[in-house]
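Below: structure-v7.pdb (PDB, C-alpha atoms, pLDDT in the B column)
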ATOM      1  CA  MET A  17      73.451  98.979  99.047  1.00 53.00           C
ATOM      2  CA  ASN A  18      70.529 101.461  98.923  1.00 58.00           C
ATOM      3  CA  LYS A  19      71.875 103.414 101.923  1.00 60.00           C
ATOM      4  CA  LEU A  20      75.290 103.640 100.298  1.00 56.00           C
ATOM      5  CA  ASN A  21      73.813 104.820  96.998  1.00 55.00           C
ATOM      6  CA  THR A  22      71.818 107.483  98.820  1.00 56.00           C
ATOM      7  CA  LEU A  23      74.857 108.661 100.796  1.00 56.00           C
ATOM      8  CA  VAL A  24      77.117 108.801  97.752  1.00 53.00           C
ATOM      9  CA  LEU A  25      74.522 110.599  95.642  1.00 51.00           C
ATOM     10  CA  ALA A  26      73.922 113.128  98.417  1.00 56.00           C
ATOM     11  CA  ALA A  27      77.661 113.706  98.782  1.00 56.00           C
ATOM     12  CA  ALA A  28      78.091 114.045  95.017  1.00 53.00           C
ATOM     13  CA  ALA A  29      75.258 116.575  94.886  1.00 52.00           C
ATOM     14  CA  ALA A  30      76.936 118.530  97.671  1.00 52.00           C
ATOM     15  CA  LEU A  31      80.063 118.812  95.538  1.00 48.00           C
ATOM     16  CA  GLY A  32      78.113 120.561  92.817  1.00 48.00           C
ATOM     17  CA  ALA A  33      77.371 119.784  89.215  1.00 48.00           C
ATOM     18  CA  LEU A  34      80.349 118.454  87.289  1.00 48.00           C
ATOM     19  CA  PRO A  35      80.710 117.774  83.575  1.00 53.00           C
ATOM     20  CA  ALA A  36      79.666 114.239  82.587  1.00 53.00           C
ATOM     21  CA  SER A  37      83.246 113.294  81.709  1.00 59.00           C
ATOM     22  CA  ALA A  38      84.685 114.471  85.028  1.00 75.00           C
ATOM     23  CA  GLN A  39      85.819 112.085  87.732  1.00 90.00           C
ATOM     24  CA  THR A  40      84.176 112.762  91.085  1.00 95.00           C
ATOM     25  CA  THR A  41      86.219 111.909  94.149  1.00 96.00           C
ATOM     26  CA  LEU A  42      84.586 111.713  97.554  1.00 97.00           C
ATOM     27  CA  ASN A  43      86.997 111.863 100.464  1.00 98.00           C
ATOM     28  CA  GLY A  44      86.131 110.475 103.860  1.00 98.00           C
ATOM     29  CA  ALA A  45      87.906 109.673 107.089  1.00 98.00           C
ATOM     30  CA  GLY A  46      87.110 108.198 110.449  1.00 98.00           C
ATOM     31  CA  ALA A  47      86.457 105.041 112.403  1.00 97.00           C
ATOM     32  CA  THR A  48      88.625 101.995 111.813  1.00 97.00           C
ATOM     33  CA  PHE A  49      85.914  99.469 112.725  1.00 96.00           C
ATOM     34  CA  PRO A  50      83.824  99.907 109.541  1.00 96.00           C
ATOM     35  CA  TYR A  51      86.813 100.148 107.193  1.00 98.00           C
ATOM     36  CA  PRO A  52      86.759  96.509 105.980  1.00 97.00           C
ATOM     37  CA  ILE A  53      83.113  96.679 104.881  1.00 97.00           C
ATOM     38  CA  TYR A  54      83.422 100.268 103.605  1.00 98.00           C
ATOM     39  CA  SER A  55      86.360  99.149 101.462  1.00 97.00           C
ATOM     40  CA  LYS A  56      84.269  96.400  99.875  1.00 98.00           C
ATOM     41  CA  TRP A  57      81.249  98.686  99.398  1.00 97.00           C
ATOM     42  CA  PHE A  58      83.358 101.410  97.800  1.00 97.00           C
ATOM     43  CA  ASP A  59      85.040  98.916  95.452  1.00 96.00           C
ATOM     44  CA  VAL A  60      81.658  97.589  94.306  1.00 96.00           C
ATOM     45  CA  TYR A  61      80.318 101.120  93.913  1.00 96.00           C
ATOM     46  CA  ALA A  62      83.345 102.146  91.824  1.00 94.00           C
ATOM     47  CA  LYS A  63      82.777  99.212  89.466  1.00 95.00           C
ATOM     48  CA  GLU A  64      79.139 100.201  88.971  1.00 96.00           C
ATOM     49  CA  HIS A  65      79.794 103.966  88.777  1.00 95.00           C
ATOM     50  CA  ALA A  66      83.008 104.540  86.836  1.00 92.00           C
ATOM     51  CA  GLY A  67      82.881 108.324  87.307  1.00 94.00           C
ATOM     52  CA  VAL A  68      82.936 108.181  91.106  1.00 95.00           C
ATOM     53  CA  ARG A  69      85.932 107.335  93.275  1.00 95.00           C
ATOM     54  CA  ILE A  70      85.590 107.078  97.056  1.00 97.00           C
ATOM     55  CA  ASN A  71      88.709 107.537  99.165  1.00 97.00           C
ATOM     56  CA  TYR A  72      88.374 106.606 102.866  1.00 98.00           C
ATOM     57  CA  GLN A  73      91.135 106.944 105.447  1.00 98.00           C
ATOM     58  CA  SER A  74      90.589 104.844 108.583  1.00 98.00           C
ATOM     59  CA  ILE A  75      92.192 107.207 111.107  1.00 98.00           C
ATOM     60  CA  GLY A  76      89.852 106.721 114.060  1.00 98.00           C
ATOM     61  CA  SER A  77      86.551 108.286 115.062  1.00 97.00           C
ATOM     62  CA  GLY A  78      88.097 111.397 116.606  1.00 96.00           C
ATOM     63  CA  GLY A  79      90.219 112.004 113.525  1.00 97.00           C
ATOM     64  CA  GLY A  80      87.212 111.594 111.265  1.00 97.00           C
ATOM     65  CA  ILE A  81      85.209 114.119 113.251  1.00 97.00           C
ATOM     66  CA  ARG A  82      88.138 116.581 113.258  1.00 96.00           C
ATOM     67  CA  GLN A  83      88.616 116.256 109.496  1.00 97.00           C
ATOM     68  CA  PHE A  84      84.875 116.656 108.904  1.00 96.00           C
ATOM     69  CA  THR A  85      84.592 119.746 111.112  1.00 95.00           C
ATOM     70  CA  LYS A  86      87.666 121.253 109.392  1.00 95.00           C
ATOM     71  CA  LYS A  87      85.951 120.509 106.057  1.00 94.00           C
ATOM     72  CA  THR A  88      88.963 118.617 104.687  1.00 97.00           C
ATOM     73  CA  VAL A  89      86.761 115.596 103.876  1.00 97.00           C
ATOM     74  CA  ASP A  90      83.297 115.185 102.378  1.00 96.00           C
ATOM     75  CA  PHE A  91      82.133 112.709 105.014  1.00 97.00           C
ATOM     76  CA  GLY A  92      83.303 111.329 108.321  1.00 96.00           C
ATOM     77  CA  ALA A  93      82.609 108.114 110.189  1.00 97.00           C
ATOM     78  CA  SER A  94      82.502 107.747 113.942  1.00 96.00           C
ATOM     79  CA  ASP A  95      81.599 105.071 116.469  1.00 94.00           C
ATOM     80  CA  GLY A  96      79.219 107.563 118.051  1.00 92.00           C
ATOM     81  CA  PRO A  97      77.345 110.660 116.913  1.00 93.00           C
ATOM     82  CA  MET A  98      78.924 114.099 116.988  1.00 94.00           C
ATOM     83  CA  THR A  99      78.390 116.174 120.124  1.00 94.00           C
ATOM     84  CA  SER A 100      76.343 119.375 120.110  1.00 92.00           C
ATOM     85  CA  LYS A 101      79.587 121.370 120.157  1.00 93.00           C
ATOM     86  CA  GLN A 102      80.958 119.463 117.151  1.00 94.00           C
ATOM     87  CA  LEU A 103      77.689 119.949 115.278  1.00 93.00           C
ATOM     88  CA  TYR A 104      77.876 123.674 116.044  1.00 93.00           C
ATOM     89  CA  GLU A 105      81.291 123.763 114.337  1.00 92.00           C
ATOM     90  CA  VAL A 106      79.651 122.653 111.077  1.00 91.00           C
ATOM     91  CA  ASP A 107      76.649 124.971 111.514  1.00 87.00           C
ATOM     92  CA  GLY A 108      74.502 121.994 112.493  1.00 79.00           C
ATOM     93  CA  LYS A 109      74.641 120.801 108.892  1.00 85.00           C
ATOM     94  CA  ALA A 110      75.579 117.192 109.506  1.00 91.00           C
ATOM     95  CA  LEU A 111      73.409 114.150 109.017  1.00 92.00           C
ATOM     96  CA  HIS A 112      74.060 111.081 111.175  1.00 94.00           C
ATOM     97  CA  VAL A 113      73.366 107.874 109.240  1.00 94.00           C
ATOM     98  CA  PRO A 114      74.052 104.537 110.972  1.00 94.00           C
ATOM     99  CA  THR A 115      75.897 102.289 108.509  1.00 94.00           C
ATOM    100  CA  VAL A 116      77.536  99.419 110.404  1.00 94.00           C
ATOM    101  CA  LEU A 117      76.611  97.507 113.556  1.00 92.00           C
ATOM    102  CA  GLY A 118      79.067  95.489 115.582  1.00 89.00           C
ATOM    103  CA  ALA A 119      79.285  93.553 118.798  1.00 87.00           C
ATOM    104  CA  VAL A 120      81.887  93.547 121.538  1.00 83.00           C
ATOM    105  CA  ALA A 121      82.782  90.312 123.335  1.00 84.00           C
ATOM    106  CA  ALA A 122      83.791  90.354 126.988  1.00 81.00           C
ATOM    107  CA  THR A 123      86.603  87.834 127.510  1.00 83.00           C
ATOM    108  CA  PHE A 124      87.943  86.681 130.850  1.00 82.00           C
ATOM    109  CA  SER A 125      90.721  84.546 132.266  1.00 85.00           C
ATOM    110  CA  VAL A 126      90.693  84.555 136.065  1.00 87.00           C
ATOM    111  CA  LYS A 127      91.622  82.194 138.877  1.00 89.00           C
ATOM    112  CA  GLY A 128      89.362  81.471 141.809  1.00 87.00           C
ATOM    113  CA  ALA A 129      90.333  81.679 145.491  1.00 90.00           C
ATOM    114  CA  ASP A 130      91.456  78.038 145.210  1.00 92.00           C
ATOM    115  CA  GLY A 131      93.911  78.929 142.424  1.00 89.00           C
ATOM    116  CA  LYS A 132      91.960  77.029 139.766  1.00 89.00           C
ATOM    117  CA  ASP A 133      90.670  78.573 136.543  1.00 88.00           C
ATOM    118  CA  VAL A 134      87.169  79.983 136.814  1.00 87.00           C
ATOM    119  CA  ARG A 135      85.054  78.341 134.109  1.00 84.00           C
ATOM    120  CA  SER A 136      81.970  80.550 134.326  1.00 83.00           C
ATOM    121  CA  LEU A 137      81.077  84.028 135.497  1.00 82.00           C
ATOM    122  CA  ASN A 138      77.685  85.681 135.837  1.00 82.00           C
ATOM    123  CA  LEU A 139      78.399  88.760 133.707  1.00 80.00           C
ATOM    124  CA  THR A 140      75.133  90.652 134.036  1.00 85.00           C
ATOM    125  CA  GLY A 141      74.552  94.042 132.447  1.00 83.00           C
ATOM    126  CA  PRO A 142      75.287  95.956 135.668  1.00 88.00           C
ATOM    127  CA  VAL A 143      78.494  93.945 136.195  1.00 80.00           C
ATOM    128  CA  LEU A 144      79.763  94.858 132.748  1.00 77.00           C
TER     129      LEU A 144
END

Could you show the structure in this file as structure tokens?
Amino acid sequence: MNKLNTLVLAAAAALGALPASAQTTLNGAGATFPYPIYSKWFDVYAKEHAGVRINYQSIGSGGGIRQFTKKTVDFGASDGPMTSKQLYEVDGKALHVPTVLGAVAATFSVKGADGKDVRSLNLTGPVL
């Protein structure tokens, strides 16, 4: 939760000083993969920090980068870092912070030359 606290505090500071009674809303958009955990993190954060609301739209990495470069959101999330060109669009003022790690499983269902199901494959790195 320390990374999340740091990110939210940095984003709140970027929005400027607000009166103590004001509600701060942070808007984000991007990758769909981290949405389930982001949703839980943001719910927990909202319970512990009543004056901060975090709104995240899971619209895909490309959409998150577009919204961030257009400055319609406070933060974006992407499966990969922004390109040099995308960073240029925000004057290089973007900080990449890894938040979620995931794995991808390679699944297969193939038949051998004899027509029977293949039960094992040697899926080495170069093959994949």

Atom CA of Gly76 of chain A to atom CA of Asn43 of chain A, distance in Å rounded to a single decimal: 14.8 Å

Interatomic distance (Å, one decimal) between atom CA of Val116 of chain A and atom CA of Lys101 of chain A: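 Here the two named atoms are 24.1 Å from each other.
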
One-decimal distance in Å that lies between atom CA of Phe49 of chain A and atom CA of Ala122 of chain A: 17.1 Å

Shell of 7 Å around Ala47 of chain A, only C-alpha atoms, local chain residues under 4 positions omitted, as a ChimeraX atom specification: /A:74-77,80,93-95

Pick from A:Asn138, A:Ala66, A:Val120, A:Gly92, whichever lies nearest to Ala45 of chain A using all atoms listed in the file: A:Gly92

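Put simply, the PyMOL selection byres ((chain A and resi 115) around 10) on this file hits Lys19, Leu20, Pro50, Ile53, Tyr54, Ala93, His112, Val113, Pro114, Val116 and Leu117 of chain A.
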
Residue among A:Ala38, A:Arg69, A:Val143, A:Thr85 lying closest to Gly108 of chain A, counting only C-alpha atoms: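 Checking each of A:Ala38, A:Arg69, A:Val143, A:Thr85 against Gly108 of chain A, counting only C-alpha atoms, the winner is A:Thr85.
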
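You can rank A:Val68, A:Leu42, A:Leu137, A:Val60 by their closest distance to Phe91 of chain A using only C-alpha atoms, and at the top of that list sits A:Leu42.
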
Edge lengths and centre in Å to one decimal, as lines of an AutoDock Vina configuration file, is what I'm after for the box along x, y and z that holds all listed atoms of segment 132-142 of chain A once 5 Å is added on each side.
center_x = 83.3
center_y = 86.5
center_z = 136.1
size_x = 27.4
size_y = 28.9
size_z = 17.3

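Checking A:Ile81, A:Ser125, A:Lys63, A:Asp130 one by one against Val106 of chain A, counting only C-alpha atoms, you find the shortest gap at A:Ile81.
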
Contacts of Arg135 of chain A at 10 Å (only C-alpha atoms; same-chain gap of 4+ positions) as a PyMOL selection string: chain A and resi 124-128

Nearest candidate to Asp90 of chain A (options A:Glu64, A:Phe58, A:Ile70, A:Ala119; using only C-alpha atoms):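 Once distances to Asp90 of chain A are computed over only C-alpha atoms, the minimum belongs to A:Ile70.
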
For N, CA and C atoms, please extract segment 101-144 of chain A from the block and return it as a compact mmCIF listing (two decimals), in the first residue's frame.
# COMPACT_ATOMS: atom_id res chain seq x y z
N LYS A 101 8.08 9.41 -28.11
CA LYS A 101 7.16 10.36 -28.74
C LYS A 101 6.02 10.72 -27.79
N GLN A 102 5.46 9.72 -27.12
CA GLN A 102 4.37 9.98 -26.17
C GLN A 102 4.85 10.82 -25.00
N LEU A 103 6.06 10.53 -24.52
CA LEU A 103 6.62 11.33 -23.43
C LEU A 103 6.84 12.76 -23.87
N TYR A 104 7.24 12.96 -25.11
CA TYR A 104 7.45 14.30 -25.66
C TYR A 104 6.14 15.10 -25.61
N GLU A 105 5.02 14.41 -25.86
CA GLU A 105 3.72 15.08 -25.85
C GLU A 105 3.34 15.62 -24.48
N VAL A 106 3.93 15.09 -23.43
CA VAL A 106 3.66 15.59 -22.07
C VAL A 106 4.91 16.27 -21.51
N ASP A 107 5.72 16.81 -22.42
CA ASP A 107 6.95 17.52 -22.04
C ASP A 107 7.89 16.68 -21.21
N GLY A 108 7.84 15.36 -21.38
CA GLY A 108 8.72 14.47 -20.64
C GLY A 108 8.41 14.40 -19.16
N LYS A 109 7.26 14.96 -18.77
CA LYS A 109 6.92 15.02 -17.35
C LYS A 109 5.99 13.89 -16.95
N ALA A 110 6.44 12.68 -17.17
CA ALA A 110 5.67 11.51 -16.76
C ALA A 110 6.60 10.60 -15.99
N LEU A 111 6.08 9.98 -14.98
CA LEU A 111 6.86 9.06 -14.16
C LEU A 111 6.26 7.67 -14.32
N HIS A 112 7.05 6.72 -14.76
CA HIS A 112 6.59 5.33 -14.90
C HIS A 112 6.82 4.61 -13.59
N VAL A 113 5.75 4.08 -13.00
CA VAL A 113 5.84 3.36 -11.73
C VAL A 113 5.16 2.00 -11.91
N PRO A 114 5.94 0.90 -11.93
CA PRO A 114 5.31 -0.42 -12.04
C PRO A 114 4.41 -0.68 -10.83
N THR A 115 3.18 -1.13 -11.08
CA THR A 115 2.25 -1.36 -9.98
C THR A 115 1.75 -2.79 -9.89
N VAL A 116 1.62 -3.47 -11.01
CA VAL A 116 1.03 -4.81 -11.03
C VAL A 116 1.86 -5.70 -11.95
N LEU A 117 2.04 -6.94 -11.54
CA LEU A 117 2.78 -7.91 -12.34
C LEU A 117 1.87 -9.08 -12.64
N GLY A 118 1.89 -9.55 -13.86
CA GLY A 118 1.04 -10.68 -14.21
C GLY A 118 1.76 -11.65 -15.12
N ALA A 119 1.21 -12.82 -15.23
CA ALA A 119 1.79 -13.86 -16.07
C ALA A 119 0.82 -14.19 -17.21
N VAL A 120 1.38 -14.71 -18.28
CA VAL A 120 0.57 -15.15 -19.41
C VAL A 120 0.82 -16.64 -19.59
N ALA A 121 -0.23 -17.41 -19.71
CA ALA A 121 -0.10 -18.87 -19.90
C ALA A 121 -0.29 -19.21 -21.37
N ALA A 122 0.62 -20.01 -21.90
CA ALA A 122 0.49 -20.50 -23.27
C ALA A 122 -0.30 -21.80 -23.22
N THR A 123 -1.41 -21.87 -23.91
CA THR A 123 -2.28 -23.04 -23.90
C THR A 123 -2.30 -23.65 -25.30
N PHE A 124 -2.32 -24.96 -25.36
CA PHE A 124 -2.34 -25.60 -26.68
C PHE A 124 -3.31 -26.77 -26.71
N SER A 125 -3.80 -27.04 -27.90
CA SER A 125 -4.64 -28.20 -28.16
C SER A 125 -4.39 -28.58 -29.62
N VAL A 126 -3.44 -29.51 -29.81
CA VAL A 126 -3.07 -29.90 -31.18
C VAL A 126 -3.10 -31.42 -31.32
N LYS A 127 -3.23 -31.86 -32.54
CA LYS A 127 -3.20 -33.30 -32.85
C LYS A 127 -1.88 -33.61 -33.55
N GLY A 128 -1.34 -34.76 -33.24
CA GLY A 128 -0.12 -35.21 -33.89
C GLY A 128 -0.39 -35.74 -35.29
N ALA A 129 0.67 -36.16 -35.97
CA ALA A 129 0.54 -36.71 -37.33
C ALA A 129 -0.34 -37.95 -37.35
N ASP A 130 -0.42 -38.65 -36.20
CA ASP A 130 -1.24 -39.85 -36.11
C ASP A 130 -2.70 -39.54 -35.78
N GLY A 131 -3.04 -38.25 -35.65
CA GLY A 131 -4.41 -37.86 -35.35
C GLY A 131 -4.76 -37.86 -33.88
N LYS A 132 -3.83 -38.29 -33.03
CA LYS A 132 -4.09 -38.31 -31.59
C LYS A 132 -3.67 -36.99 -30.95
N ASP A 133 -4.31 -36.68 -29.81
CA ASP A 133 -3.95 -35.46 -29.08
C ASP A 133 -2.50 -35.50 -28.64
N VAL A 134 -1.82 -34.38 -28.82
CA VAL A 134 -0.45 -34.25 -28.32
C VAL A 134 -0.55 -33.90 -26.84
N ARG A 135 0.12 -34.65 -26.01
CA ARG A 135 0.05 -34.45 -24.56
C ARG A 135 1.15 -33.55 -24.01
N SER A 136 2.23 -33.39 -24.76
CA SER A 136 3.30 -32.51 -24.27
C SER A 136 4.02 -31.88 -25.45
N LEU A 137 4.43 -30.66 -25.25
CA LEU A 137 5.21 -29.91 -26.23
C LEU A 137 6.42 -29.33 -25.52
N ASN A 138 7.51 -29.16 -26.25
CA ASN A 138 8.69 -28.52 -25.68
C ASN A 138 8.65 -27.04 -26.07
N LEU A 139 7.93 -26.25 -25.27
CA LEU A 139 7.75 -24.83 -25.57
C LEU A 139 8.88 -24.02 -24.95
N THR A 140 10.00 -23.98 -25.64
CA THR A 140 11.16 -23.22 -25.16
C THR A 140 10.93 -21.73 -25.42
N GLY A 141 11.75 -20.91 -24.82
CA GLY A 141 11.65 -19.46 -25.03
C GLY A 141 11.66 -19.08 -26.50
N PRO A 142 12.63 -19.57 -27.28
CA PRO A 142 12.65 -19.22 -28.71
C PRO A 142 11.41 -19.69 -29.47
N VAL A 143 10.83 -20.83 -29.06
CA VAL A 143 9.62 -21.32 -29.72
C VAL A 143 8.47 -20.36 -29.48
N LEU A 144 8.34 -19.89 -28.25
CA LEU A 144 7.26 -18.98 -27.92
C LEU A 144 7.53 -17.62 -28.49
